[in-house]
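The file target05.csv comes next; it holds CSV, C-alpha atoms.
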```csv
chain,number,residue,atom,x,y,z
X,1,MET,CA,108.7,120.1,157.0
X,2,LYS,CA,106.4,121.6,159.6
X,3,LEU,CA,103.3,123.0,158.2
X,4,PRO,CA,102.1,126.4,159.5
X,5,SER,CA,98.6,125.2,160.4
X,6,CYS,CA,96.9,126.5,163.5
X,7,GLU,CA,96.4,124.4,166.6
X,8,ASN,CA,93.0,126.0,167.1
X,9,GLU,CA,91.6,124.7,163.8
X,10,ALA,CA,90.0,121.7,165.4
X,11,ARG,CA,88.1,123.9,167.9
X,12,VAL,CA,87.1,126.3,165.1
X,13,LEU,CA,85.8,123.4,163.0
X,14,GLN,CA,84.0,122.0,166.0
X,15,ALA,CA,82.3,125.3,166.6
X,16,LEU,CA,81.3,125.6,162.9
X,17,GLU,CA,79.9,122.0,162.8
X,18,SER,CA,77.8,122.7,165.9
X,19,GLY,CA,76.1,125.4,163.8
X,20,LEU,CA,77.9,128.5,165.2
X,21,LYS,CA,78.8,131.3,162.9
X,22,ALA,CA,82.2,132.9,163.3
X,23,GLU,CA,80.6,135.9,165.0
X,24,ALA,CA,78.8,133.7,167.5
X,25,MET,CA,81.8,131.8,168.8
X,26,GLU,CA,83.2,132.2,172.3
X,27,ALA,CA,85.0,135.5,172.8
X,28,PRO,CA,88.6,134.1,173.0
X,29,LEU,CA,88.1,131.9,169.9
X,30,ARG,CA,86.5,134.8,168.0
X,31,LEU,CA,89.4,137.0,168.9
X,32,HIS,CA,91.8,134.3,167.8
X,33,VAL,CA,90.0,133.9,164.4
X,34,ALA,CA,90.1,137.6,163.8
X,35,GLY,CA,93.9,137.5,164.0
X,36,CYS,CA,94.7,134.1,162.5
X,37,PRO,CA,94.8,133.8,158.7
X,38,SER,CA,94.8,130.0,158.8
X,39,CYS,CA,91.6,129.9,160.9
X,40,ALA,CA,90.0,132.6,158.7
X,41,GLU,CA,90.8,130.6,155.7
X,42,LEU,CA,89.3,127.5,157.3
X,43,ILE,CA,86.1,129.3,157.9
X,44,SER,CA,85.9,130.5,154.3
X,45,VAL,CA,86.6,127.0,152.9
X,46,TYR,CA,84.1,125.5,155.3
X,47,GLU,CA,81.3,127.9,154.3
X,48,LEU,CA,82.1,127.4,150.6
X,49,PHE,CA,81.8,123.7,150.9
X,50,GLN,CA,78.7,123.8,153.0
X,51,HIS,CA,77.1,126.2,150.5
X,52,ASP,CA,78.1,124.0,147.5
X,53,SER,CA,77.0,120.8,149.3
X,54,ALA,CA,73.6,122.3,150.2
X,55,GLU,CA,73.1,123.4,146.6
X,56,LEU,CA,74.1,120.0,145.1
X,57,CYS,CA,71.9,118.1,147.6
X,58,ALA,CA,68.9,120.4,146.7
X,59,THR,CA,69.4,119.8,143.0
X,60,ALA,CA,70.3,116.1,143.2
X,61,ARG,CA,67.8,113.8,141.5
X,62,VAL,CA,68.4,110.5,143.2
X,63,PRO,CA,66.3,107.5,142.4
X,64,GLU,CA,63.5,106.4,144.7
X,65,ALA,CA,64.5,104.2,147.7
X,66,GLY,CA,62.1,101.5,146.4
X,67,ARG,CA,63.9,101.2,143.1
X,68,VAL,CA,67.3,100.9,144.8
X,69,TRP,CA,65.8,98.3,147.2
X,70,TRP,CA,64.4,96.3,144.2
X,71,ARG,CA,67.8,96.4,142.5
X,72,ALA,CA,69.6,95.2,145.6
X,73,THR,CA,67.0,92.4,146.1
X,74,MET,CA,67.6,91.3,142.5
X,75,ALA,CA,71.4,91.4,143.0
X,76,ALA,CA,71.1,89.4,146.2
X,77,ARG,CA,68.9,86.7,144.5
X,78,ARG,CA,71.4,86.5,141.6
X,79,ALA,CA,74.3,86.1,144.1
X,80,THR,CA,72.4,83.5,146.0
X,81,ALA,CA,71.6,81.5,142.9
X,82,GLU,CA,75.2,81.7,141.7
X,83,ARG,CA,76.4,80.5,145.1
X,84,ALA,CA,73.9,77.6,145.0
X,85,LEU,CA,74.8,76.6,141.4
X,86,ARG,CA,78.5,76.5,142.1
X,87,PRO,CA,78.6,72.9,143.3
X,88,ILE,CA,76.8,71.8,140.1
X,89,LEU,CA,79.2,73.7,137.9
X,90,ILE,CA,82.1,72.2,139.8
X,91,ALA,CA,80.7,68.7,139.4
X,92,GLU,CA,80.2,69.2,135.7
X,93,LYS,CA,83.7,70.4,135.2
X,94,THR,CA,85.1,67.6,137.4
X,95,ALA,CA,83.2,65.0,135.3
X,96,LEU,CA,84.5,66.5,132.1
X,97,ALA,CA,88.1,66.4,133.4
X,98,VAL,CA,87.7,62.8,134.7
X,99,SER,CA,86.4,61.7,131.3
X,100,ALA,CA,89.3,63.4,129.5
X,101,GLY,CA,91.7,61.9,131.9
X,102,ALA,CA,90.2,58.4,131.4
X,103,LEU,CA,90.5,58.8,127.7
X,104,ILE,CA,94.1,59.8,127.9
X,105,ALA,CA,94.9,57.0,130.3
X,106,LEU,CA,93.2,54.5,128.0
X,107,LEU,CA,95.2,55.7,125.0
X,108,ILE,CA,98.5,55.4,127.0
X,109,PHE,CA,97.5,52.0,128.2
X,110,ALA,CA,96.6,50.8,124.7
X,111,ALA,CA,99.7,52.4,123.0
X,112,PRO,CA,101.7,49.2,122.7
X,113,TRP,CA,98.7,47.3,121.3
X,114,ILE,CA,98.0,50.2,118.8
X,115,ALA,CA,101.7,50.2,117.7
X,116,GLU,CA,101.6,46.4,117.2
X,117,GLN,CA,98.4,46.8,115.1
X,118,VAL,CA,99.9,49.5,113.0
X,119,SER,CA,103.1,47.5,112.3
X,120,HIS,CA,100.9,44.5,111.5
X,121,THR,CA,98.9,46.6,109.1
X,122,SER,CA,102.1,47.8,107.4
X,123,ALA,CA,103.2,44.2,107.0
X,124,LEU,CA,100.1,43.5,105.0
X,125,LYS,CA,101.0,46.0,102.3
X,126,GLY,CA,98.7,45.7,99.4
X,127,ALA,CA,96.2,43.7,101.3
X,128,PHE,CA,92.8,45.4,101.6
X,129,VAL,CA,91.4,43.2,104.3
X,130,LEU,CA,91.5,44.6,107.8
X,131,SER,CA,92.3,42.2,110.6
X,132,LEU,CA,89.6,41.8,113.3
X,133,PRO,CA,91.6,43.6,116.1
X,134,LEU,CA,92.2,46.6,113.8
X,135,SER,CA,88.6,46.9,112.9
X,136,SER,CA,87.7,46.8,116.6
X,137,LEU,CA,90.3,49.6,117.1
X,138,VAL,CA,88.5,51.7,114.4
X,139,VAL,CA,85.2,51.0,116.1
X,140,ALA,CA,86.7,52.0,119.5
X,141,SER,CA,88.2,55.2,118.0
X,142,PHE,CA,84.9,56.1,116.4
X,143,SER,CA,83.0,55.5,119.6
X,144,GLY,CA,85.5,57.6,121.5
X,145,PHE,CA,85.1,60.4,119.0
X,146,ILE,CA,81.3,60.2,119.3
X,147,LEU,CA,81.6,60.4,123.1
X,148,VAL,CA,83.9,63.4,123.0
X,149,LEU,CA,81.6,65.1,120.5
X,150,ALA,CA,78.5,64.3,122.7
X,151,GLY,CA,80.4,65.7,125.7
X,152,ALA,CA,81.2,68.9,123.9
X,153,ILE,CA,77.6,69.4,122.7
X,154,TYR,CA,76.4,68.7,126.2
X,155,THR,CA,78.9,71.2,127.7
X,156,LEU,CA,77.7,73.9,125.2
X,157,TRP,CA,74.1,73.2,126.0
X,158,ALA,CA,74.8,73.2,129.7
X,159,GLU,CA,76.5,76.6,129.4
X,160,LYS,CA,73.5,78.0,127.6
I,1,MET,CA,68.9,61.4,131.3
I,2,LEU,CA,71.9,62.9,133.1
I,3,ALA,CA,71.4,66.2,131.3
I,4,ARG,CA,67.7,66.2,132.4
I,5,ALA,CA,68.7,65.5,136.0
I,6,VAL,CA,71.2,68.3,135.9
I,7,ALA,CA,68.7,70.7,134.3
I,8,HIS,CA,66.2,69.8,137.0
I,9,ALA,CA,68.7,70.4,139.7
I,10,ARG,CA,69.6,73.7,138.2
I,11,SER,CA,66.0,74.9,138.0
I,12,GLU,CA,65.4,73.7,141.6
I,13,THR,CA,68.5,75.5,142.8
I,14,LEU,CA,67.6,78.7,140.9
I,15,ARG,CA,64.1,78.6,142.4
I,16,ALA,CA,65.5,78.1,145.8
I,17,GLY,CA,68.0,81.0,145.2
I,18,SER,CA,65.2,83.3,144.2
I,19,GLU,CA,63.5,82.7,147.5
I,20,VAL,CA,66.5,83.7,149.5
I,21,GLN,CA,66.8,87.3,150.4
I,22,SER,CA,69.9,87.9,152.6
I,23,LEU,CA,69.8,91.7,152.7
I,24,ALA,CA,71.4,93.6,155.6
I,25,MET,CA,68.2,95.3,156.8
I,26,ASP,CA,64.4,95.5,156.2
I,27,GLU,CA,62.9,97.8,153.6
I,28,GLU,CA,61.6,100.4,156.0
I,29,SER,CA,64.9,100.8,157.8
I,30,PHE,CA,66.6,101.0,154.4
I,31,ARG,CA,64.2,103.7,153.2
I,32,ILE,CA,65.0,105.8,156.3
I,33,LEU,CA,68.7,105.4,155.8
I,34,TYR,CA,68.4,106.2,152.1
I,35,GLU,CA,66.4,109.3,152.6
I,36,ARG,CA,68.9,110.5,155.2
I,37,THR,CA,72.1,109.8,153.2
I,38,ALA,CA,71.4,109.5,149.4
I,39,ARG,CA,71.6,113.1,148.5
I,40,SER,CA,74.8,113.8,150.4
I,41,LEU,CA,76.4,110.6,149.0
I,42,TRP,CA,75.4,111.6,145.5
I,43,ALA,CA,76.9,115.1,146.1
I,44,TYR,CA,80.2,113.4,147.2
I,45,LEU,CA,80.3,111.1,144.2
I,46,ALA,CA,79.4,113.9,141.8
I,47,ARG,CA,82.0,116.3,143.2
I,48,VAL,CA,84.8,113.8,143.6
I,49,SER,CA,84.2,112.1,140.2
I,50,GLY,CA,83.2,115.3,138.4
I,51,SER,CA,80.5,113.4,136.6
I,52,PRO,CA,76.8,113.4,137.6
I,53,THR,CA,76.1,110.4,135.4
I,54,LEU,CA,78.8,108.4,137.1
I,55,ALA,CA,77.4,109.5,140.4
I,56,ASP,CA,74.0,108.2,139.5
I,57,ASP,CA,75.4,104.8,138.6
I,58,LEU,CA,77.7,104.5,141.6
I,59,LEU,CA,75.1,105.7,144.1
I,60,GLN,CA,72.8,102.7,143.4
I,61,GLU,CA,75.8,100.3,143.5
I,62,CYS,CA,76.9,101.7,146.9
I,63,TYR,CA,73.5,100.8,148.4
I,64,CYS,CA,73.4,97.4,146.8
I,65,ARG,CA,76.8,96.6,148.2
I,66,PHE,CA,75.8,98.0,151.6
I,67,LEU,CA,72.7,95.8,151.6
I,68,SER,CA,74.7,92.7,150.7
I,69,LEU,CA,77.0,93.1,153.8
I,70,ALA,CA,76.9,90.1,156.0
I,71,ASP,CA,77.6,92.1,159.2
I,72,PRO,CA,76.4,95.7,158.5
I,73,PRO,CA,77.2,98.5,161.1
I,74,GLN,CA,74.2,99.2,163.4
I,75,GLU,CA,74.7,102.8,164.3
I,76,ASP,CA,73.6,105.5,161.9
I,77,ALA,CA,76.9,107.4,161.9
I,78,HIS,CA,78.8,104.2,161.2
I,79,ARG,CA,76.4,103.3,158.4
I,80,LYS,CA,76.9,106.6,156.8
I,81,ASN,CA,80.7,106.4,157.0
I,82,TYR,CA,80.5,102.8,155.6
I,83,LEU,CA,78.5,104.1,152.7
I,84,PHE,CA,81.1,106.8,152.0
I,85,ARG,CA,83.8,104.1,152.3
I,86,ILE,CA,82.1,102.0,149.7
I,87,ALA,CA,81.6,105.0,147.5
I,88,THR,CA,85.3,105.8,147.7
I,89,ASN,CA,86.3,102.2,146.8
I,90,LEU,CA,83.9,102.2,143.9
I,91,LEU,CA,85.4,105.5,142.6
I,92,ARG,CA,88.9,104.0,143.0
I,93,ASP,CA,87.8,100.9,141.1
I,94,HIS,CA,86.3,103.0,138.4
I,95,TRP,CA,89.5,105.0,137.9
I,96,ARG,CA,91.6,101.9,137.8
I,97,ALA,CA,89.4,100.4,135.2
I,98,GLU,CA,89.4,103.6,133.2
I,99,LYS,CA,93.2,103.6,133.4
I,100,ARG,CA,93.4,100.0,132.2
I,101,HIS,CA,91.1,100.8,129.3
I,102,THR,CA,93.1,103.9,128.4
I,103,SER,CA,96.3,102.0,128.5
I,104,ALA,CA,94.8,99.3,126.4
I,105,GLY,CA,93.9,101.9,123.8
I,106,ILE,CA,90.2,101.7,124.3
I,107,GLU,CA,88.4,105.0,124.0
I,108,ILE,CA,85.9,105.6,126.8
I,109,ALA,CA,83.0,107.6,125.3
I,110,ASP,CA,80.6,107.8,128.2
I,111,VAL,CA,83.1,109.0,130.8
I,112,PRO,CA,83.6,112.7,130.3
I,113,SER,CA,86.8,114.4,131.1
I,114,ASP,CA,87.0,116.5,134.3
I,115,ASP,CA,86.5,119.8,132.7
I,116,ASP,CA,83.5,118.7,130.6
I,117,ALA,CA,81.9,116.9,133.5
I,118,VAL,CA,82.3,119.9,135.9
I,119,ALA,CA,80.6,122.1,133.3
I,120,ASN,CA,77.6,119.7,133.4
I,121,ILE,CA,77.0,120.2,137.1
I,122,PRO,CA,75.0,123.4,137.7
I,123,LEU,CA,76.9,125.6,140.1
I,124,ARG,CA,76.9,129.2,141.1
I,125,SER,CA,80.3,129.1,142.8
I,126,ASP,CA,83.6,128.2,141.2
I,127,LEU,CA,84.2,125.5,143.7
I,128,GLY,CA,83.5,122.7,141.2
I,129,ARG,CA,86.0,124.0,138.7
I,130,ALA,CA,88.6,124.6,141.3
I,131,LEU,CA,88.1,121.0,142.7
I,132,ALA,CA,88.6,119.6,139.2
I,133,GLN,CA,92.1,120.9,139.3
I,134,LEU,CA,92.9,118.9,142.4
I,135,ASN,CA,93.7,115.2,142.4
I,136,PRO,CA,91.0,112.7,143.5
I,137,ARG,CA,92.4,112.1,146.9
I,138,GLU,CA,92.5,115.9,147.7
I,139,ARG,CA,88.9,116.3,146.4
I,140,GLN,CA,87.8,113.4,148.7
I,141,MET,CA,89.5,114.7,151.8
I,142,LEU,CA,88.3,118.3,151.3
I,143,TRP,CA,84.7,117.2,150.7
I,144,LEU,CA,84.7,114.8,153.6
I,145,ALA,CA,86.2,117.3,156.0
I,146,TYR,CA,84.3,120.5,155.0
I,147,ALA,CA,81.1,119.4,153.4
I,148,GLU,CA,80.5,116.3,155.5
I,149,GLY,CA,82.2,117.4,158.7
I,150,ALA,CA,84.2,114.2,159.0
I,151,SER,CA,86.9,114.0,161.6
I,152,HIS,CA,90.5,113.1,160.6
I,153,ARG,CA,89.9,109.5,161.9
I,154,GLU,CA,86.7,109.2,159.8
I,155,ILE,CA,88.5,110.5,156.8
I,156,ALA,CA,91.3,108.0,157.3
I,157,LYS,CA,88.9,105.1,157.6
I,158,ILE,CA,86.9,106.2,154.6
I,159,SER,CA,89.8,106.8,152.3
I,160,GLY,CA,92.1,104.1,153.6
I,161,MET,CA,94.9,106.4,154.8
I,162,LYS,CA,96.8,106.6,158.0
I,163,GLU,CA,95.2,109.0,160.5
I,164,ASN,CA,98.4,110.9,161.0
I,165,SER,CA,98.7,111.6,157.3
I,166,VAL,CA,95.3,113.2,157.0
I,167,ARG,CA,96.1,116.5,158.8
I,168,PRO,CA,99.1,117.6,156.6
I,169,LEU,CA,97.5,116.3,153.4
I,170,LEU,CA,94.3,118.1,154.1
I,171,PHE,CA,96.1,121.3,155.0
I,172,ARG,CA,98.0,121.1,151.7
I,173,ALA,CA,94.9,120.4,149.7
I,174,ARG,CA,93.2,123.3,151.3
I,175,LYS,CA,96.1,125.6,150.5
I,176,LYS,CA,96.1,124.4,147.0
I,177,LEU,CA,92.3,125.0,146.6
I,178,MET,CA,92.6,128.5,148.1
I,179,ALA,CA,95.4,129.3,145.6
I,180,ILE,CA,93.3,128.1,142.7
I,181,LEU,CA,90.2,130.0,143.9
I,182,ALA,CA,92.3,133.1,144.3
I,183,GLY,CA,93.2,132.8,140.7
I,184,LYS,CA,96.9,132.0,141.2
I,185,SER,CA,98.6,129.6,138.8
I,186,PHE,CA,99.2,126.5,140.9
I,187,VAL,CA,101.9,124.5,139.3
I,188,THR,CA,101.4,120.8,140.2
I,189,ARG,CA,103.9,119.3,137.7
I,190,LYS,CA,107.5,120.2,137.0
I,191,THR,CA,107.8,121.6,133.6
I,192,VAL,CA,110.8,120.9,131.4
I,193,PRO,CA,112.4,124.2,130.3
```
Please render this file's structure as structure tokens.
Amino acid sequence: MKLPSCENEARVLQALESGLKAEAMEAPLRLHVAGCPSCAELISVYELFQHDSAELCATARVPEAGRVWWRATMAARRATAERALRPILIAEKTALAVSAGALIALLIFAAPWIAEQVSHTSALKGAFVLSLPLSSLVVASFSGFILVLAGAIYTLWAEK
Amino acid sequence: MLARAVAHARSETLRAGSEVQSLAMDEESFRILYERTARSLWAYLARVSGSPTLADDLLQECYCRFLSLADPPQEDAHRKNYLFRIATNLLRDHWRAEKRHTSAGIEIADVPSDDDAVANIPLRSDLGRALAQLNPRERQMLWLAYAEGASHREIAKISGMKENSVRPLLFRARKKLMAILAGKSFVTRKTVP
């Protein structure tokens, strides 16, 4: 759909922006505006917005430049610090992941031995004496638990 | 031991970070730019958003983002356009977040509705109320074109539209505004009979 806008609008707007009032425009343009509803409307809207803008700018209570500068400086420092801390955070997370991976690998590797110990224990029904390998498994499990707990506490502390 | 080493590294890094100031310009240049642009940028934000409070918040954020640019524009006109572009993006982000909050069922108490907000802006003319009945993109285009005197190319760059689309959209927005100002009922949605 072709819109019925006037081709002279750009010229009219240019004249308005250069500070000319409608009455002070060049004679041909002034004559055109007098007979063109679209350009007349453009002038009305332009003047309305200019008036509103001037009024808003006059009543606007913007903060002082120094305050905005200070806030930007703080934001820049924070961003710089975050950027600088990123490798440490990555290293921490990597260490945690490697530890967890090692623990899982150890469990998988020791699975046959654990199964053997469990079956050995079930064979000793009624006996209350733990074999030496089983007691070492208990110690190892306890140590692993302590390590995981320490890791979790450290992670929480590091986050704080 | 390890924890102490990491803590030390952290504090050293933070200290180093606090010494770095990578702002786009020096304070004096910023002050000049700010004095020249802050009020008109605030007016744009207030009129387009319909909320002076939101305009206050976003104004500072605009300059913070501008100052954090790695390669800021050097010419004054470009700087001003860039600030308006940042403001437009911030407004868009705000509306998106607002929509997400609304769809998540969270009530937003500090963001007034268009009508309430417009009533908060002191105005002798009815332009604010009329603008509130337009959609945000129409408000942006009209303000940029007639209050800021931006060209179609500048409007396209600021609002992220195609340059060719600006002229017809701006014309329609102007017609719509004039109809509202003239007191005509401007139907924007199809009503079900």
With chain I as the partner and 9 Å as the cut-off, tabulate the residues of chain X that qualify, each row holding the nearest pair of atoms and their distance in Å to one decimal, using all atoms listed in the file, sorted by chain and rising number, as a Markdown table.
```
| residue | atom | partner | partner_atom | distance |
| --- | --- | --- | --- | --- |
| X:Lys2 | CA | I:Pro168 | CA | 8.8 |
| X:Leu3 | CA | I:Pro168 | CA | 7.0 |
| X:Ser5 | CA | I:Phe171 | CA | 7.1 |
| X:Leu13 | CA | I:Gly149 | CA | 8.2 |
| X:Gln14 | CA | I:Gly149 | CA | 8.8 |
| X:Glu17 | CA | I:Gly149 | CA | 6.6 |
| X:Glu41 | CA | I:Met178 | CA | 8.1 |
| X:Leu42 | CA | I:Arg174 | CA | 8.3 |
| X:Val45 | CA | I:Tyr146 | CA | 7.2 |
| X:Tyr46 | CA | I:Tyr146 | CA | 5.0 |
| X:Glu47 | CA | I:Tyr146 | CA | 8.0 |
| X:Leu48 | CA | I:Leu127 | CA | 7.5 |
| X:Phe49 | CA | I:Ala147 | CA | 5.0 |
| X:Gln50 | CA | I:Ala147 | CA | 5.0 |
| X:His51 | CA | I:Ala147 | CA | 8.4 |
| X:Asp52 | CA | I:Ser125 | CA | 7.3 |
| X:Ser53 | CA | I:Ala147 | CA | 6.0 |
| X:Ala54 | CA | I:Ser40 | CA | 8.6 |
| X:Glu55 | CA | I:Leu123 | CA | 7.8 |
| X:Leu56 | CA | I:Ala43 | CA | 5.7 |
| X:Cys57 | CA | I:Arg39 | CA | 5.1 |
| X:Ala58 | CA | I:Arg39 | CA | 8.0 |
| X:Thr59 | CA | I:Pro122 | CA | 8.5 |
| X:Ala60 | CA | I:Arg39 | CA | 6.2 |
| X:Arg61 | CA | I:Arg39 | CA | 8.0 |
| X:Val62 | CA | I:Arg39 | CA | 6.7 |
| X:Pro63 | CA | I:Gln60 | CA | 8.1 |
| X:Glu64 | CA | I:Tyr34 | CA | 8.9 |
| X:Ala65 | CA | I:Arg31 | CA | 5.5 |
| X:Gly66 | CA | I:Arg31 | CA | 7.4 |
| X:Val68 | CA | I:Gln60 | CA | 6.0 |
| X:Trp69 | CA | I:Glu27 | CA | 7.0 |
| X:Arg71 | CA | I:Cys64 | CA | 7.1 |
| X:Ala72 | CA | I:Cys64 | CA | 4.6 |
| X:Thr73 | CA | I:Gln21 | CA | 6.7 |
| X:Met74 | CA | I:Ser18 | CA | 8.5 |
| X:Ala75 | CA | I:Cys64 | CA | 7.4 |
| X:Ala76 | CA | I:Gln21 | CA | 6.4 |
| X:Arg77 | CA | I:Ser18 | CA | 5.0 |
| X:Arg78 | CA | I:Gly17 | CA | 7.4 |
| X:Ala79 | CA | I:Gly17 | CA | 8.2 |
| X:Thr80 | CA | I:Gly17 | CA | 5.1 |
| X:Ala81 | CA | I:Gly17 | CA | 4.3 |
| X:Glu82 | CA | I:Gly17 | CA | 8.0 |
| X:Arg83 | CA | I:Gly17 | CA | 8.4 |
| X:Ala84 | CA | I:Thr13 | CA | 6.2 |
| X:Leu85 | CA | I:Thr13 | CA | 6.5 |
| X:Ile88 | CA | I:Arg10 | CA | 7.7 |
| X:Tyr154 | CA | I:Ala3 | CA | 7.6 |
| X:Ala158 | CA | I:Ala3 | CA | 7.9 |
```
task = Can you work out the spacing between atom CA of Cys6 of chain X and atom CA of Gln133 of chain I in Å, to one decimal?
result = 25.3 Å
Nearest-residue call for Arg30 of chain X, choices X:Gln117, X:Ser44, X:Asn8, X:Ser18, using only C-alpha atoms =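 Among the listed residues, the smallest separation from Arg30 of chain X belongs to X:Asn8.
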Distance of atom CA of Pro28 of chain X from atom CA of Glu154 of chain I, expressed in Å to one decimal place = 28.2 Å
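Taking atom CA of Ala140 of chain X and atom CA of Ala102 of chain X as endpoints, the distance between them is 14.0 Å.
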